[in-house]
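I have placed the structure first, in the form of C-alpha cells, so that the comments after it can refer back to it.
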Amino acid sequence: MPKKKKTEELLEPGPEEITLSGGAVVLVSPFPLDLWWDLQARAREDHPDPAPPKKEIKVVDGTEEVDDLENPEYKRAKEEAETARNVFVTEAILDLCVRPADGDWKRQAERLARYSTETPGDDEDDLRLFWLKKCGCRVADDYDLVVHSAVSQMFVSDPEVRRRLEFFRRALEGAEDPDLDAPGAAEA
C-alpha cells in the first residue's frame with residue numbers, strides 16, 4: 001500500500017515525498033493552478049460527454065420528448081468519456097508534477113523497455129513517464145495518491161489547512177493511525 005508522510009511532515013515546504021506500493025519513492029509537486037482550468041477544458045473538448053438519446057413520455061396534453069439519461073448505451077458512453085478525461089488529467093499530472101526521488105529509475109526504465117511492447121521516447125522526460133507508468137505506479141492506489149497530492153497542494157497551500165484536511169480525509173477513510181491527532185487552534 002502506498003504511504004504518504006505523516007501529517008506533521010506535511011508542514012515541510014517543497015514537493016511531497018510519497019512511497020508507492022512497489023517501494024519506489026517519488027516527489028510530487030503541486031499542479032500549476034492556472035493550467036488546471038485549461039487542462040479541464042481540454043479534457044472536456046477532447047473527450048466530451050455524449051448527447052443523451054431522447055425518449056417520449058406522456059404528459060397531460062399528449063407526449064413530450066425528453067433526454068433518456070437511464071439508457072444503458074448512453075451511460076456506458078458517458079462513463080467511457082469520463083474515464084478518458086481522467087486518464088488525460090492523470091497523465092498531465094505525472095508529466096508535470098511527479099519525479100522519482102532516487103537515481104536508479106533510469107536503469108530500471110531501460111530494463112523495462114526490453115520487455116515492453118511500448119518503447120519510451122528519446123528524451124529523459126519520456127523515459128521518466130515510461131518508468132512511472134510501467135514501474136513506479138503499479139496499482140490504482142498509486143495513481144490516486146499522486147493525483148490527490150498534486151491537486152491538494154495546488155488548491156491548499158497553507159500548511160495548517162492541509163494538515164486539517166489530511167486529518168479529515170483519513171478520519172473519513174477510517175484510518176487507525178495512532179500518530180494522527182486532530183489538529184486544534186492551540187497548535188497553530
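Here's how to read the names in the C-alpha cells: chain A, B, ... by the order shown, residue numbers from 1 in each chain, ligand numbers from 1 in the order shown.
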Residue list (alpha helix (DSSP H), DSSP) for segment 50-81 of chain A, as a PyMOL selection string: chain A and resi 72-81
Trp105 of chain A environment, 8 Å, only C-alpha atoms, sequence neighbours closer than 3 positions dropped, as a list in words: Pro100, Asp102, Gln108, Ala109, Arg128 and Trp131 of chain A
Kindly export the residues of the current selection with N, CA and C atoms, as an mmCIF file, in the first residue's frame.
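Below you can see part-v1.cif, which holds the result:
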```cif
data_model
loop_
_atom_site.group_PDB
_atom_site.id
_atom_site.type_symbol
_atom_site.label_atom_id
_atom_site.label_comp_id
_atom_site.auth_asym_id
_atom_site.auth_seq_id
_atom_site.Cartn_x
_atom_site.Cartn_y
_atom_site.Cartn_z
ATOM 1 N N PRO A 100 10.890 10.888 -9.845
ATOM 2 C CA PRO A 100 11.491 9.862 -8.983
ATOM 3 C C PRO A 100 12.457 10.519 -7.997
ATOM 4 N N ASP A 102 14.934 8.840 -6.377
ATOM 5 C CA ASP A 102 16.281 8.261 -6.442
ATOM 6 C C ASP A 102 16.757 8.158 -7.889
ATOM 7 N N GLN A 108 16.238 1.124 -14.298
ATOM 8 C CA GLN A 108 15.030 0.292 -14.270
ATOM 9 C C GLN A 108 14.193 0.497 -15.531
ATOM 10 N N ALA A 109 14.053 1.743 -15.955
ATOM 11 C CA ALA A 109 13.260 2.031 -17.150
ATOM 12 C C ALA A 109 13.872 1.393 -18.388
ATOM 13 N N ARG A 128 11.187 8.981 -18.049
ATOM 14 C CA ARG A 128 10.629 9.101 -16.699
ATOM 15 C C ARG A 128 9.150 8.717 -16.695
ATOM 16 N N TRP A 131 8.815 5.007 -17.017
ATOM 17 C CA TRP A 131 9.108 4.356 -15.731
ATOM 18 C C TRP A 131 7.937 4.510 -14.761
#
```
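Going from atom CA of Glu80 of chain A over to atom CA of Ala41 of chain A, you cover 17.1 Å.
Nearest residue to Cys97 of chain A among A:Gly22, A:Pro53, A:Pro48, A:Pro32 is A:Pro32, counting only C-alpha atoms.
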Those of segment 34-181 of chain A in DSSP strand (DSSP E or B), formatted as JSON, numbers by chain: {"A": [54, 55, 56, 57, 58, 59, 62, 63, 64, 65, 66, 67, 98, 99, 100]}
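Across the model, the gap from atom CA of Glu79 of chain A to atom CA of Gln40 of chain A is 16.4 Å.
For Leu112 of chain A, the non-local neighbours within 12 Å, defined as residues at least 4 positions apart in the same chain or in other chains and counting only C-alpha atoms, are Trp105, Lys106, Arg107, Gln108, Ser116, Thr117, Glu118, Thr119, Pro120, Leu127, Arg128, Phe130, Trp131, Leu132, Lys133, Lys134, Cys135 and Gly136 of chain A.
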Store the residues of this selection in a file with C-alpha atoms, as a PDB file, in the first residue's frame.
```
ATOM      1  CA  TRP A 105      14.902   4.766 -12.032  1.00  0.00           C
ATOM      2  CA  LYS A 106      16.704   5.286 -15.368  1.00  0.00           C
ATOM      3  CA  ARG A 107      18.355   1.886 -15.214  1.00  0.00           C
ATOM      4  CA  GLN A 108      15.030   0.292 -14.270  1.00  0.00           C
ATOM      5  CA  SER A 116       7.630  -3.938 -23.143  1.00  0.00           C
ATOM      6  CA  THR A 117       5.787  -3.613 -26.433  1.00  0.00           C
ATOM      7  CA  GLU A 118       5.851   0.148 -25.818  1.00  0.00           C
ATOM      8  CA  THR A 119       9.105   1.999 -26.329  1.00  0.00           C
ATOM      9  CA  PRO A 120       9.984   5.103 -24.340  1.00  0.00           C
ATOM     10  CA  LEU A 127      11.839   7.802 -20.090  1.00  0.00           C
ATOM     11  CA  ARG A 128      10.629   9.101 -16.699  1.00  0.00           C
ATOM     12  CA  PHE A 130       7.599   5.345 -19.105  1.00  0.00           C
ATOM     13  CA  TRP A 131       9.108   4.356 -15.731  1.00  0.00           C
ATOM     14  CA  LEU A 132       6.249   5.940 -13.765  1.00  0.00           C
ATOM     15  CA  LYS A 133       3.606   4.110 -15.803  1.00  0.00           C
ATOM     16  CA  LYS A 134       5.358   0.741 -16.049  1.00  0.00           C
ATOM     17  CA  CYS A 135       7.096   0.529 -12.682  1.00  0.00           C
ATOM     18  CA  GLY A 136       6.533   3.436 -10.311  1.00  0.00           C
TER      19      GLY A 136
END
```
Best match for closeness to Asp95 of chain A among A:Ala140, A:Val156, A:Val28, A:Val151, counting only C-alpha atoms: A:Val28
